[in-house]
Every structure is written in C-alpha cells, then in structure tokens.
Amino acid sequence: MPSAPSPLSVRWNDLAHPAVAGLISVIVNYGGTFILVFQAARVAGLSPELTASWVWSTSIGVGVTGILLSWISREPIITAWSTPAAAFLVTALANTSYAEAIGAYLISAAAFMVLGLSGWFERVIRLIPPGVAAGLLAGILLQFGIGAFGSLSIDPLLVVLLILAYVVFKRFSTRYAVVGILVLGLAFLLSQDRVDVSGVRLAFAAPVFTMPVFSLNALLSVALPLFLITLTGQYMPGMLVLRHDGFRTSANTIVTITGLGSLLMAPFGSHAFNLAAITAAICTGRDAHEDPSKRWIAGIVAGIFYLLVGVFGVTLAAVFMAFPATFIATLAGLALLGTIGGSLASAMADARTREASLITFLAAAANITLLGIGGAFWGLVIGLAAYAVLNGQRSQKTTSPVASPSAIRRAH
C-alpha cells in the first residue's frame with residue numbers, strides 16, 4: 001500500500017506553483033513593459049540617480065502594497081506600475097518639468113485615495129454584467145495569446161520549443177506546464193548564451209527626494225490624464241480579473257491602499273502603481289494552483305521579488321530585461337492561455353447576452369485609443385452600450401453584478 005504524502009511535500013506543492021506564477025508575473029512585467037519607464041526617464045533628461053530612484057520607489061511601493069493586500073485578504077492581489085501611464089509619460093515629460101510631474105503624481109494619487117474612500121469604484125464594478133466582464137477580459141488578453149505565436153517568425157526555434165513543451169506538459173501534468181516551459185526556456189537560452197548579463201553590475205539604489213511643484217498646466221496635461229488612464233487601463237480590468245476568478249476583495253480597499261502608497265512614493269519618482277491586470281491573470285487562474293485558497297501565495301512571492309528589484313535598483317531590472325523579447329512574449333501568452341479560454345467560455349455561456357459579450361470582446365481586442373484613453377475603457381463602454389440596447393429590461397437575472405460569487409459561478 002503506497003504511503004500517504006508527508007505534510008512537508010504537500011506544503012511544498014502548495015508553495016511551488018503559486019510561487020512560480022508570482023515569479024513569472026514579475027519577469028513579464030519587467031521584461032515586457034518596464035522599458036517604458038527608462039524611455040520616459042530619457043525623455044525627461046533624468047540623471048542615472050533620479051532614474052534609479054524611480055525604479056526604487058516604484059518597485060518598493062508595488063512590492064509592499066502587493067504583500068500587504070495579499071496577506072490581509074488571503075487572495076492573489078497583484079499590484080504593478082501603471083503601464084499605460086508610463087507610455088503616456090514618454091511623450092508628456094517632453095513638455096513638463098520633472099518637479100511639475102512629481103506634483104501631478106501627487107494629485108493623481110490623492111484622487112485615487114478619495115475614490116477608494118468614497119466607495120464609488122466598487123459601485124461601478126458591481127454594475128458590470130458577468131458576460132460583458134468576461135468578454136472584456138478575453139479581449140484585453142487576446143493580444144498576449146497572439147503574441148505567443150506571433151514570435152514564431154522572429155525566433156522559430158525557441159518559440160516552437162516552448163509551444164511543444166507546453167502542450168506535452170499540459171498532456172501529462174497541467175500543474176507543471178508553466179513551470180516546465182519557464183525552466184526549459186531558461187536552460188535553452190543559457191545554452192545558447194542568449195542571456196547577456198555581462199554589462200550588469202551589482203549596485204544598491206538610493207531614493208532621491210524631489211520637491212514637487214504644482215501648476216495648472218501639469219494638473220491638466222499630466223495629473224488628469226494619468227488618473228483617467230490608470231483608472232480605466234489598470235484598475236478596471238484588474239478588478240475584472242479578480243472577480244472573474246472568484247475573488248471578492250473590496251475594490252475600495254485596493255484603490256485606497258495603492259493610492260496611499262503612490263502618494264508616499266511619488267516624491268521619489270514613482271508615477272503610479274495600482275492593481276495589475278495582465279500579470280494578475282497569471283496568478284489568479286487555475287494554472288497558479290488548483291485550489292483558489294492557495295493562490296494568494298503568488299501575491300506574496302511577486303511582492304518579494306519586487307522588493308528585491310527595488311533594493312538593487314536597475315541591476316535586477318537589467319537582468320530581467322536581458323531576456324529576449326520573444327521569450328517574454330511567448331511565456332506570457334502561454335501562461336495566459338487558460339485564462340483566455342475560460343474568459344471566452346464564460347462570455348459565450350449565456351445565449352441571451354452572447355452578442356453583447358462578443359461585441360465587448362472584439363472592441364477590447366481592437367485596442368481603440370481615443371482622447372488619450374486606452375482600449376480597455378472603450379471596450380467596456382461599447383460592450384455596456386450593446387448590452388443596454390440588446391438586453392435592457394429583458395431579465396433581472398442578466399444584470400447580476402460581476403462581483404457576486406453566484407454570478408461568477410454561473411458564468412463558468
């Protein structure tokens with residue numbers, strides 16, 4: 001008769017998978033989007049010291065808030081810097097002084113604190129129908145899924161290896177699929193000397209305080225767009241990711257704590273950090289752990305890695321960015337396949353709301369940009385408008401809030 005697994009082995013299994021999911025989310029963030037921060041810093045003409053302070057303040061803030069929220073809620077609350085805001089700052093900082101930008105960061109962060117304390121954001125989240133929410137999430141993630149296969153024309157050997165390995169791992173052990181392709185991919189890259197860390201030097205980052213300057217120009221041209229872009233491009237889809245996977249932490253708590261963190265770190269260069277959206281999906285789904293109650297470990301692990309990057313400043317960030325872009329794109333896309341498939345299934349589950357959900361999916365996937373606001377917001381607006389026209393007043397059941405656990409179960 002086979003012996004029962006020891007408590008230690010069971011505990012290790014519970015830790016390993018969410019821990020790897022947390023690590024992958026950090027790698028994808030630094031390898032995929034943090035380059036925007038360095039681009040914005042160059043546009044602003046920042047010194048290496050101020051750039052390192054930006055890395056320090058953002059990474060430390062993201063790490064502390066992610067660990068705190070995950071520990072308190074026992075849910076995988078993944079925080080991150082605002083990627084669309086960083087992209088916006090690449091152009092905005094060309095016409096705004098750094099001190100004025102710091103003042104704008106403070107105003108935007110204070111606005112998020114007020115929003116969280118007021119409770120308005122949670123009320124908005126509860127109005128979104130489950131099918132529309134699932135369609136929005138699938139549309140947002142679609143480009144990442146496509147990216148996993150789009151890299152074939154650039155780096156066919158690496159991408160084919162990762163895709164085949166993913167399918168084989170999935171066939172025999174779903175839980176180890178993402179872990180397997182991460183280890184195999186790194187081994188392959190190291191064997192080919194394709195991870196160039198020769199120029200990386202170990203150095204600690206030091207925070208540099210900048211006295212903020214407040215101006216009407218910065219308020220209108222930086223603070224207001226920063227607030228709207230982060231709200232619609234990060235917080236909204238981030239909450240939908242959590243709700244889709246059955247987690248119920250109050251949006252008000254998340255917005256308040258991340259807003260407070262952003263307020264404290266803004267004088268040291270952090271533009272905004274918030275609830276993650278894309279990388280959160282890596283940690284909230286079944287691939288992170290079969291048991292949802294174990295997935296909060298991914299939030300703790302991700303936070304620890306963010307703290308390490310913050311302590312060592314640009315050193316570890318440079319290591320993350322030394323990975324080939326094709327590896328990051330393929331890894332992210334494959335890690336999100338389960339979430340994309342589950343979202344599409346949920347969006348199409350109810351025949352009565354299927355068309356509105358499909359419209360939401362296509363509009364979000366189109367990544368429309370109007371008035372400086374990104375595709376997540378417009379996908380949601382178009383989807384809700386379609387839902388109102390096609391399903392308004394037809395049935396009370398179809399307006400179940402996305403935050404409701406029963407609605408989430410029905411969507412699945």
# chains A, B, ... in the order shown; residues from 1 in each chain; ligands from 1

$ closest_atom_pairs --of "stretch 77-151 of chain A" --to "stretch 324-347 of chain A" --cutoff "9 Å" --atoms "only C-alpha atoms" --output "CSV"
residue,atom,partner,partner_atom,distance
A:Pro130,CA,A:Ala347,CA,7.5
A:Gly131,CA,A:Ala347,CA,4.4
A:Val132,CA,A:Ala347,CA,6.6
A:Ala133,CA,A:Ala347,CA,7.7
A:Ala134,CA,A:Ser343,CA,4.9
A:Gly135,CA,A:Ala347,CA,5.1
A:Leu136,CA,A:Ser343,CA,8.6
A:Leu137,CA,A:Ser343,CA,6.6
A:Ala138,CA,A:Ile340,CA,5.2
A:Gly139,CA,A:Ile340,CA,8.4
A:Leu141,CA,A:Ile340,CA,6.4
A:Leu142,CA,A:Ile340,CA,7.0
A:Gln143,CA,A:Gly333,CA,8.2
A:Phe144,CA,A:Gly333,CA,4.8
A:Gly145,CA,A:Gly333,CA,4.2
A:Ile146,CA,A:Gly333,CA,7.0
A:Gly147,CA,A:Ala329,CA,5.7
A:Ala148,CA,A:Thr330,CA,3.8
A:Phe149,CA,A:Thr330,CA,6.9
A:Gly150,CA,A:Thr330,CA,8.5
A:Ser151,CA,A:Thr326,CA,5.7

$ select_by_dssp --residues "stretch 160-212 of chain A" --states "alpha helix (DSSP H)" --output "PDB file with N, CA and C atoms, in the first residue's frame"
ATOM      1  N   VAL A 160       8.894  27.427 -31.028  1.00  0.00           N
ATOM      2  CA  VAL A 160       8.397  26.062 -31.274  1.00  0.00           C
ATOM      3  C   VAL A 160       8.713  25.172 -30.080  1.00  0.00           C
ATOM      4  N   LEU A 161       9.923  25.300 -29.532  1.00  0.00           N
ATOM      5  CA  LEU A 161      10.305  24.510 -28.362  1.00  0.00           C
ATOM      6  C   LEU A 161       9.353  24.776 -27.192  1.00  0.00           C
ATOM      7  N   LEU A 162       9.058  26.043 -26.933  1.00  0.00           N
ATOM      8  CA  LEU A 162       8.197  26.394 -25.808  1.00  0.00           C
ATOM      9  C   LEU A 162       6.762  25.923 -26.021  1.00  0.00           C
ATOM     10  N   ILE A 163       6.255  26.077 -27.239  1.00  0.00           N
ATOM     11  CA  ILE A 163       4.872  25.672 -27.521  1.00  0.00           C
ATOM     12  C   ILE A 163       4.726  24.152 -27.418  1.00  0.00           C
ATOM     13  N   LEU A 164       5.652  23.421 -28.046  1.00  0.00           N
ATOM     14  CA  LEU A 164       5.595  21.959 -27.968  1.00  0.00           C
ATOM     15  C   LEU A 164       5.743  21.472 -26.528  1.00  0.00           C
ATOM     16  N   ALA A 165       6.659  22.082 -25.793  1.00  0.00           N
ATOM     17  CA  ALA A 165       6.859  21.692 -24.395  1.00  0.00           C
ATOM     18  C   ALA A 165       5.596  21.976 -23.581  1.00  0.00           C
ATOM     19  N   TYR A 166       4.950  23.104 -23.851  1.00  0.00           N
ATOM     20  CA  TYR A 166       3.720  23.459 -23.131  1.00  0.00           C
ATOM     21  C   TYR A 166       2.629  22.412 -23.379  1.00  0.00           C
ATOM     22  N   VAL A 167       2.457  22.016 -24.634  1.00  0.00           N
ATOM     23  CA  VAL A 167       1.433  21.027 -24.972  1.00  0.00           C
ATOM     24  C   VAL A 167       1.726  19.683 -24.314  1.00  0.00           C
ATOM     25  N   VAL A 168       2.996  19.280 -24.346  1.00  0.00           N
ATOM     26  CA  VAL A 168       3.373  17.998 -23.742  1.00  0.00           C
ATOM     27  C   VAL A 168       3.162  18.041 -22.227  1.00  0.00           C
ATOM     28  N   PHE A 169       3.623  19.127 -21.591  1.00  0.00           N
ATOM     29  CA  PHE A 169       3.433  19.253 -20.145  1.00  0.00           C
ATOM     30  C   PHE A 169       1.948  19.265 -19.790  1.00  0.00           C
ATOM     31  N   LYS A 170       1.147  19.963 -20.593  1.00  0.00           N
ATOM     32  CA  LYS A 170      -0.293  20.020 -20.341  1.00  0.00           C
ATOM     33  C   LYS A 170      -0.929  18.640 -20.448  1.00  0.00           C
ATOM     34  N   ARG A 171      -0.424  17.829 -21.388  1.00  0.00           N
ATOM     35  CA  ARG A 171      -0.972  16.488 -21.599  1.00  0.00           C
ATOM     36  C   ARG A 171      -0.759  15.602 -20.379  1.00  0.00           C
ATOM     37  N   PHE A 172       0.388  15.728 -19.747  1.00  0.00           N
ATOM     38  CA  PHE A 172       0.726  14.826 -18.657  1.00  0.00           C
ATOM     39  C   PHE A 172       0.596  15.461 -17.265  1.00  0.00           C
ATOM     40  N   ALA A 177       2.903  22.731 -16.261  1.00  0.00           N
ATOM     41  CA  ALA A 177       3.129  23.191 -17.630  1.00  0.00           C
ATOM     42  C   ALA A 177       3.903  24.503 -17.668  1.00  0.00           C
ATOM     43  N   VAL A 178       3.439  25.502 -16.929  1.00  0.00           N
ATOM     44  CA  VAL A 178       4.097  26.809 -16.973  1.00  0.00           C
ATOM     45  C   VAL A 178       5.465  26.747 -16.305  1.00  0.00           C
ATOM     46  N   VAL A 179       5.556  25.992 -15.203  1.00  0.00           N
ATOM     47  CA  VAL A 179       6.856  25.806 -14.554  1.00  0.00           C
ATOM     48  C   VAL A 179       7.838  25.160 -15.529  1.00  0.00           C
ATOM     49  N   GLY A 180       7.358  24.163 -16.247  1.00  0.00           N
ATOM     50  CA  GLY A 180       8.217  23.433 -17.176  1.00  0.00           C
ATOM     51  C   GLY A 180       8.764  24.293 -18.292  1.00  0.00           C
ATOM     52  N   ILE A 181       7.899  25.101 -18.910  1.00  0.00           N
ATOM     53  CA  ILE A 181       8.380  25.910 -20.031  1.00  0.00           C
ATOM     54  C   ILE A 181       9.295  27.030 -19.547  1.00  0.00           C
ATOM     55  N   LEU A 182       9.084  27.525 -18.322  1.00  0.00           N
ATOM     56  CA  LEU A 182       9.979  28.543 -17.773  1.00  0.00           C
ATOM     57  C   LEU A 182      11.382  27.970 -17.598  1.00  0.00           C
ATOM     58  N   VAL A 183      11.485  26.817 -16.956  1.00  0.00           N
ATOM     59  CA  VAL A 183      12.795  26.196 -16.709  1.00  0.00           C
ATOM     60  C   VAL A 183      13.447  25.781 -18.023  1.00  0.00           C
ATOM     61  N   LEU A 184      12.673  25.140 -18.904  1.00  0.00           N
ATOM     62  CA  LEU A 184      13.218  24.680 -20.177  1.00  0.00           C
ATOM     63  C   LEU A 184      13.679  25.851 -21.039  1.00  0.00           C
ATOM     64  N   GLY A 185      12.871  26.912 -21.071  1.00  0.00           N
ATOM     65  CA  GLY A 185      13.235  28.085 -21.866  1.00  0.00           C
ATOM     66  C   GLY A 185      14.501  28.745 -21.364  1.00  0.00           C
ATOM     67  N   LEU A 186      14.637  28.886 -20.051  1.00  0.00           N
ATOM     68  CA  LEU A 186      15.842  29.489 -19.486  1.00  0.00           C
ATOM     69  C   LEU A 186      17.073  28.627 -19.773  1.00  0.00           C
ATOM     70  N   ALA A 187      16.917  27.306 -19.659  1.00  0.00           N
ATOM     71  CA  ALA A 187      18.032  26.404 -19.946  1.00  0.00           C
ATOM     72  C   ALA A 187      18.463  26.525 -21.402  1.00  0.00           C
ATOM     73  N   PHE A 188      17.488  26.601 -22.299  1.00  0.00           N
ATOM     74  CA  PHE A 188      17.780  26.732 -23.729  1.00  0.00           C
ATOM     75  C   PHE A 188      18.522  28.040 -24.019  1.00  0.00           C
ATOM     76  N   LEU A 189      18.048  29.138 -23.431  1.00  0.00           N
ATOM     77  CA  LEU A 189      18.679  30.443 -23.670  1.00  0.00           C
ATOM     78  C   LEU A 189      20.098  30.481 -23.108  1.00  0.00           C
ATOM     79  N   LEU A 190      20.283  29.905 -21.925  1.00  0.00           N
ATOM     80  CA  LEU A 190      21.619  29.888 -21.324  1.00  0.00           C
ATOM     81  C   LEU A 190      22.574  29.022 -22.140  1.00  0.00           C
ATOM     82  N   SER A 191      22.063  27.917 -22.689  1.00  0.00           N
ATOM     83  CA  SER A 191      22.915  27.040 -23.502  1.00  0.00           C
ATOM     84  C   SER A 191      23.372  27.728 -24.775  1.00  0.00           C
TER      85      SER A 191
END

$ closest_residue --among "A:Tyr105, A:Gly261, A:Ile128, A:Ile140" --to "A:Tyr387" --atoms "only C-alpha atoms"
A:Ile128

$ atom_distance --atom1 "atom CA of A:Thr91" --atom2 "atom CA of A:Gln39"
9.5 Å

$ closest_residue --among "A:Ile77, A:Val124, A:Leu226, A:Leu371" --to "A:Asp245" --atoms "only C-alpha atoms"
A:Ile77

$ closest_residue --among "A:Ser198, A:Ser70, A:Ser47, A:Thr253" --to "A:Phe112" --atoms "only C-alpha atoms"
A:Thr253

$ atom_distance --atom1 "atom CA of A:His17" --atom2 "atom CA of A:Asp287"
7.8 Å

$ closest_residue --among "A:Thr65, A:Thr58, A:Asn217, A:Thr360" --to "A:Gly310" --atoms "only C-alpha atoms"
A:Thr58

$ residues_around --residues "A:Phe88" --least-positions-apart "5" --cutoff "10 Å" --atoms "only C-alpha atoms" --output "number ranges by chain"
A: 36, 40, 82-83, 93, 222, 225-226, 229, 372-373

$ write_last_selection --atoms "N, CA and C atoms" --output "PDB file, in the first residue's frame"
ATOM      1  N   LEU A  36       9.459  51.126 -20.728  1.00  0.00           N
ATOM      2  CA  LEU A  36       8.771  52.407 -20.911  1.00  0.00           C
ATOM      3  C   LEU A  36       9.218  53.423 -19.861  1.00  0.00           C
ATOM      4  N   ALA A  40      10.824  57.028 -20.709  1.00  0.00           N
ATOM      5  CA  ALA A  40      10.294  58.277 -20.163  1.00  0.00           C
ATOM      6  C   ALA A  40      11.381  59.043 -19.414  1.00  0.00           C
ATOM      7  N   SER A  82       1.642  51.503 -13.394  1.00  0.00           N
ATOM      8  CA  SER A  82       0.691  51.748 -14.476  1.00  0.00           C
ATOM      9  C   SER A  82       1.431  51.770 -15.812  1.00  0.00           C
ATOM     10  N   THR A  83       1.275  50.695 -16.578  1.00  0.00           N
ATOM     11  CA  THR A  83       1.934  50.607 -17.883  1.00  0.00           C
ATOM     12  C   THR A  83       1.416  51.639 -18.872  1.00  0.00           C
ATOM     13  N   LEU A  93       6.390  63.954 -20.585  1.00  0.00           N
ATOM     14  CA  LEU A  93       7.527  64.536 -19.875  1.00  0.00           C
ATOM     15  C   LEU A  93       8.419  65.379 -20.788  1.00  0.00           C
ATOM     16  N   VAL A 222      -0.976  66.407 -17.198  1.00  0.00           N
ATOM     17  CA  VAL A 222      -0.341  65.213 -16.654  1.00  0.00           C
ATOM     18  C   VAL A 222      -1.234  64.522 -15.619  1.00  0.00           C
ATOM     19  N   PRO A 225      -4.906  63.225 -17.119  1.00  0.00           N
ATOM     20  CA  PRO A 225      -4.749  62.037 -17.991  1.00  0.00           C
ATOM     21  C   PRO A 225      -4.165  60.831 -17.241  1.00  0.00           C
ATOM     22  N   LEU A 226      -3.225  61.075 -16.321  1.00  0.00           N
ATOM     23  CA  LEU A 226      -2.624  59.989 -15.556  1.00  0.00           C
ATOM     24  C   LEU A 226      -3.690  59.264 -14.732  1.00  0.00           C
ATOM     25  N   ILE A 229      -6.165  57.382 -17.254  1.00  0.00           N
ATOM     26  CA  ILE A 229      -5.507  56.251 -17.919  1.00  0.00           C
ATOM     27  C   ILE A 229      -5.304  55.099 -16.941  1.00  0.00           C
ATOM     28  N   GLY A 372      -6.865  60.037 -25.730  1.00  0.00           N
ATOM     29  CA  GLY A 372      -5.779  59.660 -24.834  1.00  0.00           C
ATOM     30  C   GLY A 372      -6.106  58.543 -23.878  1.00  0.00           C
ATOM     31  N   ILE A 373      -7.277  57.908 -24.049  1.00  0.00           N
ATOM     32  CA  ILE A 373      -7.708  56.819 -23.170  1.00  0.00           C
ATOM     33  C   ILE A 373      -7.643  55.518 -23.946  1.00  0.00           C
TER      34      ILE A 373
END

$ residues_around --residues "stretch 277-279 of chain A" --least-positions-apart "4" --cutoff "8 Å" --atoms "only C-alpha atoms" --output "number ranges by chain"
A: 25-26, 28-29, 78, 140-141, 234-235, 237-239, 241, 283

$ residues_around --residues "A:Pro48" --least-positions-apart "3" --cutoff "12 Å" --atoms "only C-alpha atoms" --output "ChimeraX atom specification"
/A:38,41-42,44-45,51-55,205-208,313-314

$ atom_distance --atom1 "atom CA of A:Leu15" --atom2 "atom CA of A:Gly299"
11.6 Å

$ closest_residue --among "A:Ile254, A:Leu242, A:Ile24, A:Val309" --to "A:Leu202" --atoms "only C-alpha atoms"
A:Val309

$ residues_around --residues "A:Gly233" --least-positions-apart "3" --cutoff "7 Å" --atoms "only C-alpha atoms" --output "PyMOL selection string"
chain A and resi 84+229-230+236-237+374+376-377
